[in-house]
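Visitor: Take this structure, written in structure tokens, and hold onto it; I'll ask about it next.
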Amino acid sequence: MKYFSLCFLLLLGACDWEHSALMNSIPVRPEKTPGKTIHVFLGLDGMAWSAAQEAMRRGAFSSFHLSKIIPMFPATSDASWTRILHTKATPGYEYTYFDLSADTIRQSGIWGVILHGLPHFEDSNISPAYYSAFDVHASDYLDAAFIYNEPHNSMGRALDNFFFTLGGRLRSTELFSGYVLETDVLGHYEDEETVVQKLQALSERIDSFSRRHSNYHLVFTLYTDHGLDHRQKANNNLILLENLLKEAGVHIAYSFRQGQASAFPWAIPIEHTRVTYAALYTMPSQIPAVSQRLSNHPSVDLVVSRGFQMPGAPDHLSWTNLWKNGACVARIGYSPSENRYWLSKEVDLKALDLALEPPLLAWQSYGDEELFQATLGRHYPDLFFRARTSLEAISVKYPADVLVSLSNQWLMQGFDFLFISKTVGNAGSHGAMDYSGSEGALLTQASHLPPVLRSDDFLSFYPQFQEWIERKKLLAREPLPPLRYEDIFP
């Protein structure tokens, strides 16, 4: 890793991020009278609900309320933060993506990984827009380069910068937003206990800061983009996506043009970092065979794919199929105008671990709240909404045709560079549909929130944050229909 970080340093040595951090702490608006309420939002990347729950059990965050927050699928940072904050869509789920308009893979290999080490540039075509929703998100370029080498020191610096900048803004703002990546890095590299201890230390810092600034009413909210499974992956359970396709009997292509000249079935694989999902692109005629074959692989838990209009079902529905153990276990129709889902009598409720009464009709409709409730505490939280929206151009410009959700015992190997061990980053991961990497944490000193909420609905509970993002001209889409939580948690 040190050699890899050195490459970053050589690339970034001429830049001055510390100056930006200093200037970011200087008030730019007239001072206001102390005593006002200030809402502080801190995004903690990859904060598992189980880790936050354990930190609270030990006495941390005593003035906070804890909720589970269920992210989009695939639960990966760039797309998920974009969905949560309703900012401009990213091209793909991560920096490496398939450009449908050009029929080519963009930023593949080492370049796609290096981009994670670069800081945010305003109005660039590379950096995701959601970064601009944070007043502070790194202390300097060296943090971006060495964060994966020294995450403990880097997290200390990130929090130092966050609280220093916040202290400089108290007189001039009513809302402050920050972001810390290191919780995710520690989850990938170390164990849950390490993250719990970091959360305990953060709780102490919040309490200390609030005491030192008691003339202000500070209201903290800590929220995340996804959970983290904190499950160590065996070395022989790291798999390259191309190998997975070959073992499943799916031919590999790198463009539609190449695929159309290939043998049946074929797919374009997009592999990036060490996560528990993979994205594939292919022709509609290939989707069922690709999905069926992949769902039979021992590493695969569930496959989500585009579906097609079914005989006897209502017209004008969008379709999503779920595959497990070589079979299509659910064909899901969705009506945007009604915000309702249709399931057939053939749905395999047991395979999907659903607390739902079997359909009585050939095709039966269900409300969003009913299906959300049927997945509470089950293996696949918010299964139907997450499966459907994973294939829609909401936070991602080029959504996949097939998404593979791995068992939490397996991991995509992703990057494979000289000097980097294959065991690096396999202490835990995220991205899959199952609960272990999907249950994130939301800790807030604001009013009570539902015990479980959909991450897409986060801003609806904090209108002042949404208005603040809108003032920064970052809101890029209308929110999806929010859940009626009063019907779920009366």
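FYI, nothing fancy with the structure tokens labels: chains A, B, ... in order, residues from 1 per chain, ligands from 1 as they appear.
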Write out as a VMD selection string the residues lying within 10 Å of A:Leu361, counting only C-alpha atoms and excluding same-chain residues fewer than 6 positions away.
Guide: chain A and resid 343 to 345
Visitor: Return as a tab-separated table (two decimals) with all heavy atoms, in the first residue's frame the full set of residues in stretch 197-440 of chain A whose backbone-based DSSP assignment is alpha helix (DSSP H).
Guide:
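Writing the result to states_33.tsv gives the following:
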```tsv
chain	number	residue	atom	x	y	z
A	197	GLN	N	-15.21	1.56	18.75
A	197	GLN	CA	-14.36	2.43	19.58
A	197	GLN	C	-14.22	3.82	18.97
A	197	GLN	O	-14.20	4.82	19.70
A	197	GLN	CB	-12.99	1.78	19.75
A	197	GLN	CG	-13.01	0.53	20.62
A	197	GLN	CD	-11.64	-0.11	20.74
A	197	GLN	OE1	-10.62	0.47	20.38
A	197	GLN	NE2	-11.61	-1.34	21.24
A	198	LYS	N	-14.12	3.90	17.65
A	198	LYS	CA	-14.06	5.21	17.00
A	198	LYS	C	-15.36	5.99	17.20
A	198	LYS	O	-15.35	7.21	17.38
A	198	LYS	CB	-13.77	5.03	15.51
A	198	LYS	CG	-12.40	4.48	15.18
A	198	LYS	CD	-11.28	5.41	15.61
A	198	LYS	CE	-9.93	4.86	15.20
A	198	LYS	NZ	-8.81	5.70	15.70
A	199	LEU	N	-16.48	5.28	17.16
A	199	LEU	CA	-17.77	5.95	17.39
A	199	LEU	C	-17.87	6.44	18.83
A	199	LEU	O	-18.40	7.52	19.09
A	199	LEU	CB	-18.91	5.00	17.06
A	199	LEU	CG	-19.10	4.64	15.58
A	199	LEU	CD1	-20.21	3.61	15.41
A	199	LEU	CD2	-19.41	5.89	14.75
A	200	GLN	N	-17.37	5.66	19.78
A	200	GLN	CA	-17.35	6.10	21.18
A	200	GLN	C	-16.52	7.38	21.33
A	200	GLN	O	-16.93	8.32	22.02
A	200	GLN	CB	-16.78	5.00	22.08
A	200	GLN	CG	-17.69	3.80	22.25
A	200	GLN	CD	-17.04	2.72	23.12
A	200	GLN	OE1	-16.23	1.93	22.64
A	200	GLN	NE2	-17.37	2.71	24.40
A	201	ALA	N	-15.37	7.40	20.68
A	201	ALA	CA	-14.51	8.59	20.75
A	201	ALA	C	-15.19	9.79	20.10
A	201	ALA	O	-15.10	10.92	20.61
A	201	ALA	CB	-13.17	8.30	20.08
A	202	LEU	N	-15.90	9.57	18.98
A	202	LEU	CA	-16.62	10.65	18.33
A	202	LEU	C	-17.71	11.19	19.23
A	202	LEU	O	-17.93	12.41	19.32
A	202	LEU	CB	-17.21	10.15	17.01
A	202	LEU	CG	-18.15	11.11	16.27
A	202	LEU	CD1	-17.44	12.43	15.96
A	202	LEU	CD2	-18.67	10.46	14.98
A	203	SER	N	-18.41	10.31	19.92
A	203	SER	CA	-19.45	10.74	20.86
A	203	SER	C	-18.87	11.66	21.93
A	203	SER	O	-19.46	12.70	22.27
A	203	SER	CB	-20.09	9.52	21.51
A	203	SER	OG	-20.99	9.90	22.54
A	204	GLU	N	-17.71	11.30	22.46
A	204	GLU	CA	-17.06	12.14	23.47
A	204	GLU	C	-16.68	13.50	22.90
A	204	GLU	O	-16.81	14.52	23.58
A	204	GLU	CB	-15.83	11.42	24.01
A	204	GLU	CG	-16.16	10.16	24.81
A	204	GLU	CD	-14.92	9.36	25.19
A	204	GLU	OE1	-13.80	9.82	24.86
A	204	GLU	OE2	-15.07	8.28	25.81
A	205	ARG	N	-16.22	13.52	21.65
A	205	ARG	CA	-15.84	14.79	21.05
A	205	ARG	C	-17.06	15.68	20.82
A	205	ARG	O	-17.00	16.90	21.00
A	205	ARG	CB	-15.12	14.54	19.71
A	205	ARG	CG	-13.76	13.91	19.87
A	205	ARG	CD	-12.89	14.12	18.66
A	205	ARG	NE	-12.54	15.53	18.46
A	205	ARG	CZ	-11.60	15.94	17.61
A	205	ARG	NH1	-10.91	15.06	16.91
A	205	ARG	NH2	-11.35	17.22	17.47
A	206	ILE	N	-18.17	15.08	20.42
A	206	ILE	CA	-19.40	15.87	20.24
A	206	ILE	C	-19.84	16.46	21.57
A	206	ILE	O	-20.20	17.64	21.66
A	206	ILE	CB	-20.51	14.99	19.63
A	206	ILE	CG1	-20.17	14.65	18.17
A	206	ILE	CG2	-21.87	15.69	19.71
A	206	ILE	CD1	-21.11	13.64	17.53
A	207	ASP	N	-19.83	15.64	22.63
A	207	ASP	CA	-20.23	16.14	23.95
A	207	ASP	C	-19.30	17.26	24.41
A	207	ASP	O	-19.76	18.29	24.94
A	207	ASP	CB	-20.20	15.00	24.96
A	207	ASP	CG	-21.30	13.97	24.74
A	207	ASP	OD1	-22.26	14.30	24.01
A	207	ASP	OD2	-21.20	12.86	25.28
A	208	SER	N	-17.99	17.08	24.21
A	208	SER	CA	-17.03	18.10	24.63
A	208	SER	C	-17.23	19.38	23.84
A	208	SER	O	-17.22	20.49	24.41
A	208	SER	CB	-15.60	17.57	24.43
A	208	SER	OG	-14.65	18.58	24.70
A	209	PHE	N	-17.41	19.26	22.54
A	209	PHE	CA	-17.62	20.45	21.70
A	209	PHE	C	-18.89	21.18	22.11
A	209	PHE	O	-18.91	22.41	22.20
A	209	PHE	CB	-17.71	20.02	20.24
A	209	PHE	CG	-17.78	21.17	19.27
A	209	PHE	CD1	-16.63	21.74	18.75
A	209	PHE	CD2	-19.01	21.68	18.87
A	209	PHE	CE1	-16.70	22.81	17.86
A	209	PHE	CE2	-19.08	22.75	17.98
A	209	PHE	CZ	-17.93	23.31	17.47
A	210	SER	N	-19.96	20.44	22.37
A	210	SER	CA	-21.23	21.06	22.76
A	210	SER	C	-21.10	21.79	24.09
A	210	SER	O	-21.68	22.87	24.27
A	210	SER	CB	-22.32	19.99	22.83
A	210	SER	OG	-22.55	19.40	21.56
A	211	ARG	N	-20.34	21.19	25.02
A	211	ARG	CA	-20.14	21.86	26.32
A	211	ARG	C	-19.36	23.16	26.15
A	211	ARG	O	-19.67	24.17	26.79
A	211	ARG	CB	-19.42	20.93	27.29
A	211	ARG	CG	-20.28	19.79	27.83
A	211	ARG	CD	-19.61	19.12	29.01
A	211	ARG	NE	-18.33	18.52	28.65
A	211	ARG	CZ	-18.18	17.26	28.24
A	211	ARG	NH1	-19.25	16.48	28.12
A	211	ARG	NH2	-16.99	16.79	27.94
A	212	ARG	N	-18.34	23.14	25.31
A	212	ARG	CA	-17.50	24.33	25.12
A	212	ARG	C	-18.24	25.43	24.37
A	212	ARG	O	-17.83	26.59	24.41
A	212	ARG	CB	-16.22	23.95	24.37
A	212	ARG	CG	-15.22	23.20	25.24
A	212	ARG	CD	-13.89	22.98	24.54
A	212	ARG	NE	-13.96	21.97	23.50
A	212	ARG	CZ	-13.89	22.21	22.20
A	212	ARG	NH1	-13.76	23.47	21.79
A	212	ARG	NH2	-13.95	21.23	21.32
A	241	LEU	N	-14.53	-10.92	-11.24
A	241	LEU	CA	-15.81	-10.98	-11.94
A	241	LEU	C	-15.69	-11.77	-13.25
A	241	LEU	O	-16.59	-12.54	-13.59
A	241	LEU	CB	-16.33	-9.57	-12.20
A	241	LEU	CG	-17.66	-9.45	-12.92
A	241	LEU	CD1	-18.74	-10.27	-12.25
A	241	LEU	CD2	-18.08	-7.99	-13.02
A	242	GLU	N	-14.59	-11.59	-13.95
A	242	GLU	CA	-14.43	-12.34	-15.20
A	242	GLU	C	-14.39	-13.84	-14.94
A	242	GLU	O	-14.95	-14.63	-15.71
A	242	GLU	CB	-13.17	-11.86	-15.93
A	242	GLU	CG	-13.30	-10.45	-16.49
A	242	GLU	CD	-12.15	-10.08	-17.39
A	242	GLU	OE1	-11.21	-10.90	-17.54
A	242	GLU	OE2	-12.18	-8.98	-17.97
A	243	ASN	N	-13.74	-14.24	-13.84
A	243	ASN	CA	-13.72	-15.67	-13.51
A	243	ASN	C	-15.11	-16.17	-13.14
A	243	ASN	O	-15.48	-17.29	-13.48
A	243	ASN	CB	-12.74	-15.92	-12.36
A	243	ASN	CG	-11.30	-15.73	-12.77
A	243	ASN	OD1	-10.98	-15.67	-13.95
A	243	ASN	ND2	-10.41	-15.63	-11.80
A	244	LEU	N	-15.86	-15.34	-12.42
A	244	LEU	CA	-17.23	-15.70	-12.06
A	244	LEU	C	-18.06	-15.95	-13.31
A	244	LEU	O	-18.80	-16.95	-13.40
A	244	LEU	CB	-17.86	-14.59	-11.20
A	244	LEU	CG	-19.36	-14.69	-10.90
A	244	LEU	CD1	-19.70	-15.98	-10.18
A	244	LEU	CD2	-19.81	-13.49	-10.07
A	245	LEU	N	-17.96	-15.07	-14.29
A	245	LEU	CA	-18.72	-15.25	-15.52
A	245	LEU	C	-18.30	-16.52	-16.26
A	245	LEU	O	-19.15	-17.28	-16.74
A	245	LEU	CB	-18.55	-14.02	-16.42
A	245	LEU	CG	-19.64	-12.94	-16.30
A	245	LEU	CD1	-19.65	-12.34	-14.90
A	245	LEU	CD2	-19.45	-11.86	-17.34
A	246	LYS	N	-17.01	-16.75	-16.33
A	246	LYS	CA	-16.53	-17.95	-17.03
A	246	LYS	C	-17.04	-19.21	-16.34
A	246	LYS	O	-17.49	-20.15	-17.01
A	246	LYS	CB	-15.00	-17.94	-17.07
A	246	LYS	CG	-14.41	-16.87	-17.98
A	246	LYS	CD	-12.89	-16.84	-17.87
A	246	LYS	CE	-12.29	-15.72	-18.73
A	246	LYS	NZ	-10.81	-15.62	-18.57
A	247	GLU	N	-16.96	-19.24	-15.01
A	247	GLU	CA	-17.42	-20.42	-14.28
A	247	GLU	C	-18.92	-20.62	-14.42
A	247	GLU	O	-19.42	-21.75	-14.37
A	247	GLU	CB	-17.04	-20.29	-12.80
A	247	GLU	CG	-15.53	-20.36	-12.56
A	247	GLU	CD	-15.15	-20.02	-11.12
A	247	GLU	OE1	-16.06	-19.98	-10.25
A	247	GLU	OE2	-13.95	-19.81	-10.85
A	248	ALA	N	-19.66	-19.54	-14.60
A	248	ALA	CA	-21.11	-19.63	-14.75
A	248	ALA	C	-21.53	-19.92	-16.19
A	248	ALA	O	-22.72	-20.13	-16.46
A	248	ALA	CB	-21.77	-18.35	-14.27
A	256	PHE	N	-21.16	-3.71	-26.71
A	256	PHE	CA	-22.29	-4.39	-27.35
A	256	PHE	C	-21.89	-4.88	-28.74
A	256	PHE	O	-22.32	-5.95	-29.18
A	256	PHE	CB	-23.49	-3.45	-27.43
A	256	PHE	CG	-24.31	-3.41	-26.18
A	256	PHE	CD1	-23.92	-2.63	-25.10
A	256	PHE	CD2	-25.46	-4.16	-26.06
A	256	PHE	CE1	-24.66	-2.60	-23.94
A	256	PHE	CE2	-26.22	-4.14	-24.90
A	256	PHE	CZ	-25.81	-3.36	-23.83
A	257	ARG	N	-21.06	-4.10	-29.40
A	257	ARG	CA	-20.62	-4.51	-30.73
A	257	ARG	C	-19.85	-5.83	-30.65
A	257	ARG	O	-20.08	-6.73	-31.48
A	257	ARG	CB	-19.73	-3.41	-31.33
A	257	ARG	CG	-19.25	-3.71	-32.74
A	257	ARG	CD	-18.46	-2.55	-33.29
A	257	ARG	NE	-18.01	-2.81	-34.66
A	257	ARG	CZ	-17.31	-1.95	-35.38
A	257	ARG	NH1	-17.00	-0.75	-34.88
A	257	ARG	NH2	-16.92	-2.27	-36.61
A	258	GLN	N	-18.97	-5.94	-29.66
A	258	GLN	CA	-18.23	-7.19	-29.50
A	258	GLN	C	-19.15	-8.32	-29.06
A	258	GLN	O	-19.03	-9.45	-29.51
A	258	GLN	CB	-17.11	-6.99	-28.48
A	258	GLN	CG	-16.25	-8.22	-28.27
A	258	GLN	CD	-15.21	-8.02	-27.18
A	258	GLN	OE1	-15.13	-6.96	-26.57
A	258	GLN	NE2	-14.41	-9.05	-26.93
A	259	GLY	N	-20.09	-8.00	-28.17
A	259	GLY	CA	-21.00	-9.02	-27.66
A	259	GLY	C	-21.87	-9.63	-28.74
A	259	GLY	O	-22.12	-10.84	-28.76
A	260	GLN	N	-22.33	-8.81	-29.69
A	260	GLN	CA	-23.20	-9.29	-30.75
A	260	GLN	C	-22.49	-10.26	-31.69
A	260	GLN	O	-23.14	-11.02	-32.40
A	260	GLN	CB	-23.77	-8.10	-31.53
A	260	GLN	CG	-24.81	-7.34	-30.72
A	260	GLN	CD	-25.18	-6.01	-31.34
A	260	GLN	OE1	-24.43	-5.43	-32.12
A	260	GLN	NE2	-26.36	-5.50	-31.00
A	287	ILE	N	-30.60	-11.48	-21.18
A	287	ILE	CA	-30.78	-11.25	-19.74
A	287	ILE	C	-31.24	-12.50	-18.99
A	287	ILE	O	-30.64	-12.85	-17.95
A	287	ILE	CB	-31.73	-10.06	-19.50
A	287	ILE	CG1	-31.05	-8.75	-19.91
A	287	ILE	CG2	-32.16	-9.99	-18.03
A	287	ILE	CD1	-31.95	-7.53	-19.84
A	288	PRO	N	-32.26	-13.22	-19.43
A	288	PRO	CA	-32.70	-14.39	-18.66
A	288	PRO	C	-31.62	-15.45	-18.52
A	288	PRO	O	-31.41	-15.99	-17.41
A	288	PRO	CB	-33.90	-14.91	-19.45
A	288	PRO	CG	-34.41	-13.72	-20.20
A	288	PRO	CD	-33.19	-12.94	-20.56
A	289	ALA	N	-30.92	-15.76	-19.60
A	289	ALA	CA	-29.89	-16.80	-19.52
A	289	ALA	C	-28.72	-16.37	-18.65
A	289	ALA	O	-28.21	-17.16	-17.84
A	289	ALA	CB	-29.40	-17.15	-20.92
A	290	VAL	N	-28.28	-15.11	-18.79
A	290	VAL	CA	-27.19	-14.59	-17.95
A	290	VAL	C	-27.58	-14.64	-16.48
A	290	VAL	O	-26.81	-15.10	-15.62
A	290	VAL	CB	-26.82	-13.15	-18.37
A	290	VAL	CG1	-25.89	-12.50	-17.34
A	290	VAL	CG2	-26.17	-13.14	-19.75
A	291	SER	N	-28.79	-14.21	-16.17
A	291	SER	CA	-29.26	-14.17	-14.78
A	291	SER	C	-29.38	-15.57	-14.20
A	291	SER	O	-28.97	-15.83	-13.07
A	291	SER	CB	-30.61	-13.46	-14.70
A	291	SER	OG	-30.54	-12.15	-15.23
A	292	GLN	N	-29.96	-16.47	-14.98
A	292	GLN	CA	-30.17	-17.85	-14.50
A	292	GLN	C	-28.83	-18.52	-14.21
A	292	GLN	O	-28.65	-19.16	-13.17
A	292	GLN	CB	-30.96	-18.63	-15.55
A	292	GLN	CG	-31.39	-20.03	-15.11
A	292	GLN	CD	-30.36	-21.08	-15.43
A	292	GLN	OE1	-29.57	-20.93	-16.37
A	292	GLN	NE2	-30.33	-22.15	-14.63
A	293	ARG	N	-27.87	-18.39	-15.11
A	293	ARG	CA	-26.58	-19.05	-14.93
A	293	ARG	C	-25.80	-18.46	-13.76
A	293	ARG	O	-25.21	-19.20	-12.95
A	293	ARG	CB	-25.77	-18.95	-16.23
A	293	ARG	CG	-26.41	-19.71	-17.38
A	293	ARG	CD	-25.52	-19.75	-18.61
A	293	ARG	NE	-26.23	-20.37	-19.73
A	293	ARG	CZ	-25.61	-20.84	-20.82
A	293	ARG	NH1	-24.29	-20.77	-20.93
A	293	ARG	NH2	-26.33	-21.38	-21.79
A	294	LEU	N	-25.80	-17.15	-13.64
A	294	LEU	CA	-25.07	-16.53	-12.53
A	294	LEU	C	-25.68	-16.87	-11.18
A	294	LEU	O	-24.97	-17.06	-10.19
A	294	LEU	CB	-25.02	-15.01	-12.72
A	294	LEU	CG	-24.06	-14.51	-13.80
A	294	LEU	CD1	-24.30	-13.04	-14.09
A	294	LEU	CD2	-22.61	-14.73	-13.37
A	295	SER	N	-27.01	-16.94	-11.12
A	295	SER	CA	-27.66	-17.22	-9.83
A	295	SER	C	-27.37	-18.62	-9.34
A	295	SER	O	-27.60	-18.93	-8.16
A	295	SER	CB	-29.17	-17.01	-9.95
A	295	SER	OG	-29.77	-18.00	-10.77
A	368	ASP	N	-46.55	0.18	-1.48
A	368	ASP	CA	-45.15	0.33	-1.10
A	368	ASP	C	-44.95	0.05	0.40
A	368	ASP	O	-44.02	-0.65	0.81
A	368	ASP	CB	-44.69	1.75	-1.44
A	368	ASP	CG	-43.17	1.87	-1.54
A	368	ASP	OD1	-42.49	0.84	-1.47
A	368	ASP	OD2	-42.69	3.00	-1.68
A	369	GLU	N	-45.84	0.60	1.22
A	369	GLU	CA	-45.73	0.42	2.67
A	369	GLU	C	-45.88	-1.05	3.06
A	369	GLU	O	-45.18	-1.55	3.95
A	369	GLU	CB	-46.77	1.25	3.40
A	369	GLU	CG	-46.50	2.75	3.39
A	369	GLU	CD	-46.81	3.39	2.04
A	369	GLU	OE1	-47.55	2.78	1.24
A	369	GLU	OE2	-46.30	4.50	1.78
A	370	GLU	N	-46.79	-1.75	2.40
A	370	GLU	CA	-47.03	-3.16	2.71
A	370	GLU	C	-45.79	-4.01	2.44
A	370	GLU	O	-45.41	-4.88	3.24
A	370	GLU	CB	-48.22	-3.67	1.89
A	370	GLU	CG	-48.67	-5.07	2.25
A	370	GLU	CD	-49.91	-5.47	1.46
A	370	GLU	OE1	-50.38	-4.69	0.60
A	370	GLU	OE2	-50.41	-6.59	1.72
A	371	LEU	N	-45.14	-3.75	1.31
A	371	LEU	CA	-43.96	-4.53	0.97
A	371	LEU	C	-42.75	-4.13	1.82
A	371	LEU	O	-41.92	-4.97	2.17
A	371	LEU	CB	-43.63	-4.37	-0.52
A	371	LEU	CG	-44.66	-4.98	-1.47
A	371	LEU	CD1	-44.25	-4.76	-2.92
A	371	LEU	CD2	-44.85	-6.47	-1.19
A	372	PHE	N	-42.63	-2.84	2.15
A	372	PHE	CA	-41.57	-2.41	3.06
A	372	PHE	C	-41.70	-3.12	4.40
A	372	PHE	O	-40.72	-3.62	4.97
A	372	PHE	CB	-41.64	-0.89	3.24
A	372	PHE	CG	-40.55	-0.31	4.10
A	372	PHE	CD1	-39.32	0.02	3.55
A	372	PHE	CD2	-40.75	-0.08	5.46
A	372	PHE	CE1	-38.32	0.57	4.34
A	372	PHE	CE2	-39.75	0.46	6.25
A	372	PHE	CZ	-38.53	0.79	5.69
A	373	GLN	N	-42.93	-3.17	4.89
A	373	GLN	CA	-43.18	-3.82	6.19
A	373	GLN	C	-42.90	-5.32	6.12
A	373	GLN	O	-42.42	-5.92	7.09
A	373	GLN	CB	-44.62	-3.56	6.60
A	373	GLN	CG	-44.90	-3.84	8.07
A	373	GLN	CD	-46.20	-3.20	8.51
A	373	GLN	OE1	-47.06	-2.87	7.70
A	373	GLN	NE2	-46.36	-2.99	9.81
A	374	ALA	N	-43.15	-5.94	4.96
A	374	ALA	CA	-42.93	-7.38	4.81
A	374	ALA	C	-41.46	-7.76	4.86
A	374	ALA	O	-41.12	-8.94	5.04
A	374	ALA	CB	-43.54	-7.86	3.51
A	383	LEU	N	-36.72	-4.90	-0.12
A	383	LEU	CA	-36.31	-5.64	-1.31
A	383	LEU	C	-36.90	-5.08	-2.60
A	383	LEU	O	-36.18	-4.87	-3.59
A	383	LEU	CB	-36.71	-7.11	-1.15
A	383	LEU	CG	-36.58	-8.01	-2.38
A	383	LEU	CD1	-35.13	-8.11	-2.81
A	383	LEU	CD2	-37.16	-9.40	-2.09
A	384	PHE	N	-38.19	-4.84	-2.64
A	384	PHE	CA	-38.86	-4.53	-3.90
A	384	PHE	C	-38.49	-3.14	-4.42
A	384	PHE	O	-38.18	-2.98	-5.60
A	384	PHE	CB	-40.38	-4.67	-3.73
A	384	PHE	CG	-40.79	-6.08	-3.42
A	384	PHE	CD1	-40.93	-6.50	-2.10
A	384	PHE	CD2	-40.99	-6.99	-4.43
A	384	PHE	CE1	-41.28	-7.81	-1.81
A	384	PHE	CE2	-41.34	-8.30	-4.15
A	384	PHE	CZ	-41.48	-8.71	-2.83
A	385	PHE	N	-38.49	-2.16	-3.55
A	385	PHE	CA	-38.10	-0.81	-3.95
A	385	PHE	C	-36.63	-0.79	-4.38
A	385	PHE	O	-36.28	-0.20	-5.42
A	385	PHE	CB	-38.32	0.15	-2.78
A	385	PHE	CG	-37.81	1.55	-3.03
A	385	PHE	CD1	-38.60	2.47	-3.70
A	385	PHE	CD2	-36.55	1.93	-2.60
A	385	PHE	CE1	-38.14	3.76	-3.93
A	385	PHE	CE2	-36.08	3.22	-2.82
A	385	PHE	CZ	-36.87	4.13	-3.49
A	386	ARG	N	-35.77	-1.43	-3.63
A	386	ARG	CA	-34.34	-1.40	-3.94
A	386	ARG	C	-34.04	-2.14	-5.24
A	386	ARG	O	-33.21	-1.69	-6.03
A	386	ARG	CB	-33.54	-2.00	-2.78
A	386	ARG	CG	-33.66	-1.21	-1.48
A	386	ARG	CD	-33.00	-1.96	-0.34
A	386	ARG	NE	-31.55	-1.91	-0.44
A	386	ARG	CZ	-30.74	-2.83	0.08
A	386	ARG	NH1	-31.26	-3.90	0.68
A	386	ARG	NH2	-29.44	-2.71	-0.03
A	387	ALA	N	-34.70	-3.27	-5.45
A	387	ALA	CA	-34.48	-4.02	-6.69
A	387	ALA	C	-34.94	-3.20	-7.90
A	387	ALA	O	-34.22	-3.09	-8.90
A	387	ALA	CB	-35.21	-5.35	-6.63
A	388	ARG	N	-36.13	-2.64	-7.80
A	388	ARG	CA	-36.67	-1.87	-8.93
A	388	ARG	C	-35.81	-0.67	-9.25
A	388	ARG	O	-35.42	-0.46	-10.42
A	388	ARG	CB	-38.10	-1.41	-8.61
A	388	ARG	CG	-38.67	-0.43	-9.62
A	388	ARG	CD	-40.07	-0.02	-9.26
A	388	ARG	NE	-40.16	0.80	-8.06
A	388	ARG	CZ	-39.98	2.11	-8.04
A	388	ARG	NH1	-39.65	2.76	-9.13
A	388	ARG	NH2	-40.12	2.79	-6.90
A	389	THR	N	-35.49	0.14	-8.26
A	389	THR	CA	-34.78	1.39	-8.52
A	389	THR	C	-33.31	1.17	-8.87
A	389	THR	O	-32.67	2.08	-9.41
A	389	THR	CB	-34.90	2.35	-7.33
A	389	THR	OG1	-34.35	1.72	-6.15
A	389	THR	CG2	-36.35	2.72	-7.08
A	390	SER	N	-32.77	-0.01	-8.58
A	390	SER	CA	-31.37	-0.27	-8.93
A	390	SER	C	-31.15	-0.27	-10.43
A	390	SER	O	-30.04	-0.04	-10.90
A	390	SER	CB	-30.92	-1.62	-8.34
A	390	SER	OG	-31.56	-2.71	-9.00
```
Visitor: Find the residues near A:Met72: any atom within 9 Å, counting only C-alpha atoms, skip ones fewer than 4 places away on the same chain, and give them as a list in words.
Guide: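 The neighbour list is Thr76, Ala79, Ser80, Arg83, Ile84, Asp225, His226, Asp382, Phe385, Arg386, Ala387, Thr389, Ser390, Met433, Ser438, Arg454, Ser455 and Asp456 of chain A.
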Visitor: Quick one: residues within 9 Å of A:Trp410, only C-alpha atoms counted, chain neighbours fewer than 5 positions away excluded, as a list in words?
Guide: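 My reading of the contact set: Lys233, Ala234, Asn236, Asn237, Leu238, Ile239, Thr276, Ser299 and Val300 of chain A.
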Visitor: Which is closer to A:Leu66 than all the others in A:Asn296, A:Thr165, A:Thr221, A:Thr87, using only C-alpha atoms?
Guide: A:Thr221
Visitor: Of the residues A:Gly431, A:Gly46, A:Pro314, A:Pro481, which is the one nearest to A:Glu182, using only C-alpha atoms?
Guide: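 Looking only at the distances to A:Glu182, the closest residue turns out to be A:Gly46.
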Visitor: Mind checking DSSP for stretch 260-375 of chain A and telling me the strand (DSSP E) residues as a ChimeraX atom specification?
Guide: /A:266-270,277-281,300-306,318-324,327-335,340-344,363-367
Visitor: Between atom CA of A:Pro399 and atom CA of A:Arg274, measure the distance and give it in Å to one decimal.
Guide: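 Answer for the atom CA of A:Pro399 to atom CA of A:Arg274 separation: 19.4 Å.
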Visitor: Given only C-alpha atoms as the basis, pick out the residue of A:Tyr366, A:Trp342, A:Phe41, A:Tyr93 nearest to A:Ala133.
Guide: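 When distances to A:Ala133 are compared using only C-alpha atoms, the smallest one comes from A:Phe41.
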